[in-house]
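Undergrad: Shown below is the structure under consideration.
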Amino acid sequence: MEQTLILIKPDGVKKHLIGEIIKRFESNGLDIRAIKLVRINRSQAEGFYQVHKEQPFFEELVQFMTSGPIIACVLEGERAITRVRQIMGTTDPKKAEKGTIRNEFADSIRYNIIHGSDSKASADYEIPNFFNRLEIIGIQAG
Ligand code: UDP
Ligand code: MG
């Protein structure tokens with residue numbers, strides 16, 4: 001079993017796509033282990049995207065990610081990281097496969113609706129940015 005972090009970015013929340021996006025992951029058989037609506041500040045956005053801090057788009061990415069509320073969600077399943085990335089589509093919506101979230105809903109390579117961890121190492125770094133251990137609910141809990 002693998003866990004991954006998804007974020008529905010400010011553009012996805014503004015476009016009222018929360019239900020649509022969560023439905024796609026649930027329909028694919030992925031399980032929600034944690035979920036919340038949050039608004040992150042500059043230092044949280046910079047920390048989350050620190051791997052991109054030398055990129056020319058970094059500043060505008062941070063501004064975008066702090067421009068409104070986002071949904072953070074931990075999804076779990078076999079090969080969850082790869083499955084989520086396939087359902088999302090590639091970064092640039094113009095290149096994303098038909099039927100993917102980014103192909104159907106994203107406006108541009110920046111305003112692309114959704115984030116998903118790209119590896120196990122990324123997921124392990126990203127999940128604790130939003131959830132502590134007690135907030136991630138196991139199947140057996142409760
Ligand atoms: N991004 C951008 N300009 C670019 C490339 C990426 O603004 O030229 C933004 C976009 O929102 C993207 C995020 O930076 O989702 C992180 O980039 P990454 O290459 O990690 O893409 P992802 O893993 O989200 O597909
Ligand atoms: Mg990435």
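By order in the structure tokens, chains are A, B, ...; within a chain, residues start at 1; ligands start at 1, following the order shown.
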Ligand 1: which residues are within 6 Å, counting only C-alpha atoms and all ligand atoms, as an MDAnalysis selection string?

TA: chainID A and resid 57 61 90:91 109:112 115

Undergrad: Can those selected residues be exported to a file as a PDB file, in the first residue's frame so that it contains N, CA, C and O atoms?

TA:
ATOM      1  N   PHE A  57       9.787  30.093 -12.459  1.00  0.00           N
ATOM      2  CA  PHE A  57       8.364  30.222 -12.142  1.00  0.00           C
ATOM      3  C   PHE A  57       8.061  30.177 -10.645  1.00  0.00           C
ATOM      4  O   PHE A  57       6.909  30.259 -10.235  1.00  0.00           O
ATOM      5  N   LEU A  61       4.505  30.805  -8.769  1.00  0.00           N
ATOM      6  CA  LEU A  61       3.879  29.598  -8.222  1.00  0.00           C
ATOM      7  C   LEU A  61       3.478  29.817  -6.760  1.00  0.00           C
ATOM      8  O   LEU A  61       2.367  29.463  -6.348  1.00  0.00           O
ATOM      9  N   THR A  90      -0.376  15.181 -17.306  1.00  0.00           N
ATOM     10  CA  THR A  90       0.927  15.816 -17.178  1.00  0.00           C
ATOM     11  C   THR A  90       0.803  17.327 -16.910  1.00  0.00           C
ATOM     12  O   THR A  90      -0.266  17.904 -17.089  1.00  0.00           O
ATOM     13  N   THR A  91       1.905  17.931 -16.443  1.00  0.00           N
ATOM     14  CA  THR A  91       1.908  19.306 -15.940  1.00  0.00           C
ATOM     15  C   THR A  91       1.248  20.300 -16.894  1.00  0.00           C
ATOM     16  O   THR A  91       0.454  21.145 -16.470  1.00  0.00           O
ATOM     17  N   ILE A 109      -0.008  25.767 -17.936  1.00  0.00           N
ATOM     18  CA  ILE A 109       1.000  24.968 -17.234  1.00  0.00           C
ATOM     19  C   ILE A 109       1.127  25.407 -15.770  1.00  0.00           C
ATOM     20  O   ILE A 109       1.533  24.607 -14.924  1.00  0.00           O
ATOM     21  N   ARG A 110       0.805  26.664 -15.453  1.00  0.00           N
ATOM     22  CA  ARG A 110       0.831  27.105 -14.047  1.00  0.00           C
ATOM     23  C   ARG A 110      -0.496  26.821 -13.362  1.00  0.00           C
ATOM     24  O   ARG A 110      -0.546  26.202 -12.309  1.00  0.00           O
ATOM     25  N   TYR A 111      -1.579  27.294 -13.962  1.00  0.00           N
ATOM     26  CA  TYR A 111      -2.903  27.168 -13.334  1.00  0.00           C
ATOM     27  C   TYR A 111      -3.478  25.821 -13.758  1.00  0.00           C
ATOM     28  O   TYR A 111      -4.332  25.737 -14.643  1.00  0.00           O
ATOM     29  N   ASN A 112      -2.970  24.777 -13.111  1.00  0.00           N
ATOM     30  CA  ASN A 112      -3.260  23.426 -13.595  1.00  0.00           C
ATOM     31  C   ASN A 112      -4.000  22.568 -12.567  1.00  0.00           C
ATOM     32  O   ASN A 112      -3.896  21.351 -12.552  1.00  0.00           O
ATOM     33  N   HIS A 115      -2.265  19.163  -7.636  1.00  0.00           N
ATOM     34  CA  HIS A 115      -0.919  18.664  -7.339  1.00  0.00           C
ATOM     35  C   HIS A 115      -1.031  17.201  -6.902  1.00  0.00           C
ATOM     36  O   HIS A 115      -1.979  16.831  -6.218  1.00  0.00           O
TER      37      HIS A 115
END

Undergrad: I'd like the contact shell of stretch 96-98 of chain A - 12 Å cut-off, only C-alpha atoms, skipping same-chain residues fewer than 3 positions apart - returned as a PDB file with N, CA, C and O atoms, in the first residue's frame.

TA:
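File result.pdb, as written:
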ATOM      1  N   ARG A  85      -1.047  10.284 -10.500  1.00  0.00           N
ATOM      2  CA  ARG A  85      -0.407  11.098 -11.547  1.00  0.00           C
ATOM      3  C   ARG A  85      -1.053  10.833 -12.911  1.00  0.00           C
ATOM      4  O   ARG A  85      -1.175  11.738 -13.730  1.00  0.00           O
ATOM      5  N   GLN A  86      -1.471   9.586 -13.148  1.00  0.00           N
ATOM      6  CA  GLN A  86      -2.143   9.281 -14.424  1.00  0.00           C
ATOM      7  C   GLN A  86      -3.505   9.959 -14.513  1.00  0.00           C
ATOM      8  O   GLN A  86      -3.871  10.491 -15.564  1.00  0.00           O
ATOM      9  N   ILE A  87      -4.248   9.942 -13.407  1.00  0.00           N
ATOM     10  CA  ILE A  87      -5.588  10.545 -13.407  1.00  0.00           C
ATOM     11  C   ILE A  87      -5.478  12.073 -13.549  1.00  0.00           C
ATOM     12  O   ILE A  87      -6.326  12.714 -14.169  1.00  0.00           O
ATOM     13  N   MET A  88      -4.408  12.661 -12.972  1.00  0.00           N
ATOM     14  CA  MET A  88      -4.173  14.108 -13.066  1.00  0.00           C
ATOM     15  C   MET A  88      -3.849  14.547 -14.485  1.00  0.00           C
ATOM     16  O   MET A  88      -4.287  15.597 -14.934  1.00  0.00           O
ATOM     17  N   GLY A  89      -2.991  13.791 -15.171  1.00  0.00           N
ATOM     18  CA  GLY A  89      -2.422  14.226 -16.442  1.00  0.00           C
ATOM     19  C   GLY A  89      -1.149  15.019 -16.224  1.00  0.00           C
ATOM     20  O   GLY A  89      -0.876  15.490 -15.122  1.00  0.00           O
ATOM     21  N   THR A  90      -0.376  15.181 -17.306  1.00  0.00           N
ATOM     22  CA  THR A  90       0.927  15.816 -17.178  1.00  0.00           C
ATOM     23  C   THR A  90       0.803  17.327 -16.910  1.00  0.00           C
ATOM     24  O   THR A  90      -0.266  17.904 -17.089  1.00  0.00           O
ATOM     25  N   THR A  91       1.905  17.931 -16.443  1.00  0.00           N
ATOM     26  CA  THR A  91       1.908  19.306 -15.940  1.00  0.00           C
ATOM     27  C   THR A  91       1.248  20.300 -16.894  1.00  0.00           C
ATOM     28  O   THR A  91       0.454  21.145 -16.470  1.00  0.00           O
ATOM     29  N   ASP A  92       1.623  20.220 -18.174  1.00  0.00           N
ATOM     30  CA  ASP A  92       1.080  21.134 -19.180  1.00  0.00           C
ATOM     31  C   ASP A  92      -0.229  20.571 -19.729  1.00  0.00           C
ATOM     32  O   ASP A  92      -0.226  19.538 -20.397  1.00  0.00           O
ATOM     33  N   PRO A  93      -1.350  21.230 -19.476  1.00  0.00           N
ATOM     34  CA  PRO A  93      -2.649  20.667 -19.889  1.00  0.00           C
ATOM     35  C   PRO A  93      -2.758  20.435 -21.395  1.00  0.00           C
ATOM     36  O   PRO A  93      -3.496  19.560 -21.834  1.00  0.00           O
ATOM     37  N   ILE A 101      -7.646  15.053 -15.526  1.00  0.00           N
ATOM     38  CA  ILE A 101      -8.147  16.259 -14.845  1.00  0.00           C
ATOM     39  C   ILE A 101      -7.547  17.514 -15.482  1.00  0.00           C
ATOM     40  O   ILE A 101      -8.269  18.478 -15.781  1.00  0.00           O
ATOM     41  N   ARG A 102      -6.245  17.505 -15.690  1.00  0.00           N
ATOM     42  CA  ARG A 102      -5.622  18.715 -16.237  1.00  0.00           C
ATOM     43  C   ARG A 102      -6.052  18.957 -17.680  1.00  0.00           C
ATOM     44  O   ARG A 102      -6.276  20.091 -18.088  1.00  0.00           O
ATOM     45  N   ASN A 103      -6.177  17.904 -18.472  1.00  0.00           N
ATOM     46  CA  ASN A 103      -6.637  18.074 -19.851  1.00  0.00           C
ATOM     47  C   ASN A 103      -8.031  18.695 -19.891  1.00  0.00           C
ATOM     48  O   ASN A 103      -8.310  19.567 -20.696  1.00  0.00           O
ATOM     49  N   GLU A 104      -8.895  18.259 -18.998  1.00  0.00           N
ATOM     50  CA  GLU A 104     -10.282  18.717 -19.058  1.00  0.00           C
ATOM     51  C   GLU A 104     -10.502  20.082 -18.416  1.00  0.00           C
ATOM     52  O   GLU A 104     -11.362  20.838 -18.855  1.00  0.00           O
ATOM     53  N   PHE A 105      -9.708  20.400 -17.373  1.00  0.00           N
ATOM     54  CA  PHE A 105     -10.068  21.576 -16.569  1.00  0.00           C
ATOM     55  C   PHE A 105      -8.994  22.647 -16.439  1.00  0.00           C
ATOM     56  O   PHE A 105      -9.309  23.773 -16.032  1.00  0.00           O
ATOM     57  N   ALA A 106      -7.721  22.351 -16.740  1.00  0.00           N
ATOM     58  CA  ALA A 106      -6.653  23.311 -16.446  1.00  0.00           C
ATOM     59  C   ALA A 106      -6.533  24.379 -17.530  1.00  0.00           C
ATOM     60  O   ALA A 106      -6.731  24.106 -18.711  1.00  0.00           O
ATOM     61  N   ASP A 107      -6.187  25.594 -17.113  1.00  0.00           N
ATOM     62  CA  ASP A 107      -6.047  26.721 -18.043  1.00  0.00           C
ATOM     63  C   ASP A 107      -4.647  26.813 -18.633  1.00  0.00           C
ATOM     64  O   ASP A 107      -4.474  27.321 -19.737  1.00  0.00           O
ATOM     65  N   SER A 108      -3.615  26.407 -17.894  1.00  0.00           N
ATOM     66  CA  SER A 108      -2.240  26.606 -18.349  1.00  0.00           C
ATOM     67  C   SER A 108      -1.284  25.727 -17.550  1.00  0.00           C
ATOM     68  O   SER A 108      -1.694  25.062 -16.597  1.00  0.00           O
ATOM     69  N   ILE A 109      -0.008  25.767 -17.936  1.00  0.00           N
ATOM     70  CA  ILE A 109       1.000  24.968 -17.234  1.00  0.00           C
ATOM     71  C   ILE A 109       1.127  25.407 -15.770  1.00  0.00           C
ATOM     72  O   ILE A 109       1.533  24.607 -14.924  1.00  0.00           O
ATOM     73  N   ASN A 112      -2.970  24.777 -13.111  1.00  0.00           N
ATOM     74  CA  ASN A 112      -3.260  23.426 -13.595  1.00  0.00           C
ATOM     75  C   ASN A 112      -4.000  22.568 -12.567  1.00  0.00           C
ATOM     76  O   ASN A 112      -3.896  21.351 -12.552  1.00  0.00           O
TER      77      ASN A 112
END

Undergrad: For stretch 45-50 of chain A, list every protein, DNA or RNA residue within 7 Å, evaluated using only C-alpha atoms, and leave out those in the same chain fewer than 5 positions away; present the list as a short mmCIF file (atom, residue, chain, number, x, y, z; two decimals) with N, CA and C atoms, in the first residue's frame.

TA:
data_model
loop_
_atom_site.label_atom_id
_atom_site.label_comp_id
_atom_site.auth_asym_id
_atom_site.auth_seq_id
_atom_site.Cartn_x
_atom_site.Cartn_y
_atom_site.Cartn_z
N ILE A 40 -2.80 28.35 2.75
CA ILE A 40 -1.40 28.36 3.18
C ILE A 40 -0.80 29.76 3.00
N VAL A 62 4.37 30.42 -5.99
CA VAL A 62 4.07 30.70 -4.58
C VAL A 62 2.88 31.67 -4.48
N MET A 65 -0.29 29.70 -5.25
CA MET A 65 -0.70 28.72 -4.23
C MET A 65 -1.20 29.38 -2.94
N THR A 66 -0.87 30.68 -2.77
CA THR A 66 -1.36 31.40 -1.58
C THR A 66 -2.55 32.30 -1.92
N GLU A 126 5.98 15.60 1.57
CA GLU A 126 4.83 16.50 1.39
C GLU A 126 3.71 16.27 2.40
N ASN A 129 3.63 18.18 5.59
CA ASN A 129 3.37 19.61 5.44
C ASN A 129 1.92 19.96 5.79
#

Undergrad: Taking only C-alpha atoms and all ligand atoms into account, list the residues no farther than 8 Å from ligand 2, as a VMD selection string.

TA: chain A and resid 115 to 118

Undergrad: Can you tell me how far atom CA of A:Cys73 sits from atom CA of A:Arg24, in Å to one decimal?

TA: 13.4 Å

Undergrad: Give me every strand (DSSP E) residue in stretch 12-138 of chain A, going by DSSP on the backbone, as an NGL selection string.

TA: :A and (31-38 or 70-77 or 114-116)

Undergrad: Kindly indicate which residue among A:Thr4, A:Asn28, A:Asn41, A:Ser122 lies nearest to A:Ser67, using only C-alpha atoms for the distances.

TA: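 Checking each candidate against A:Ser67, we get A:Asn41 as the closest.
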
Undergrad: For the helix (DSSP H, G or I) assignment from backbone DSSP, which residues of chain A qualify? Please present them as a ChimeraX atom specification.

TA: /A:10-14,18-27,42-48,50-52,58-65,80-88,101-105,120-129,133-135

Undergrad: Could you pull the residues within 8 Å of A:Val38, counting only C-alpha atoms, minus those fewer than 5 positions along the same chain, as a PyMOL selection string?

TA: chain A and resi 69-72

Undergrad: Nearest to A:Arg79 among A:Ala121, A:Met1, A:Val13, A:Ile18, with distances taken over only C-alpha atoms: which residue is it?

TA: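 Closest to A:Arg79 of all the choices is A:Met1.
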
Undergrad: Work out how far atom CA of A:Tyr125 is from atom CA of A:Thr82, in Å to one decimal.

TA: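 If I compute the distance from atom CA of A:Thr82 to atom CA of A:Tyr125, I get 16.6 Å.
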
Undergrad: Determine the nearest neighbour of A:Arg39 from the options A:Ile21, A:Ile81, A:Gly99, A:Phe130, counting only C-alpha atoms.

TA: A:Phe130
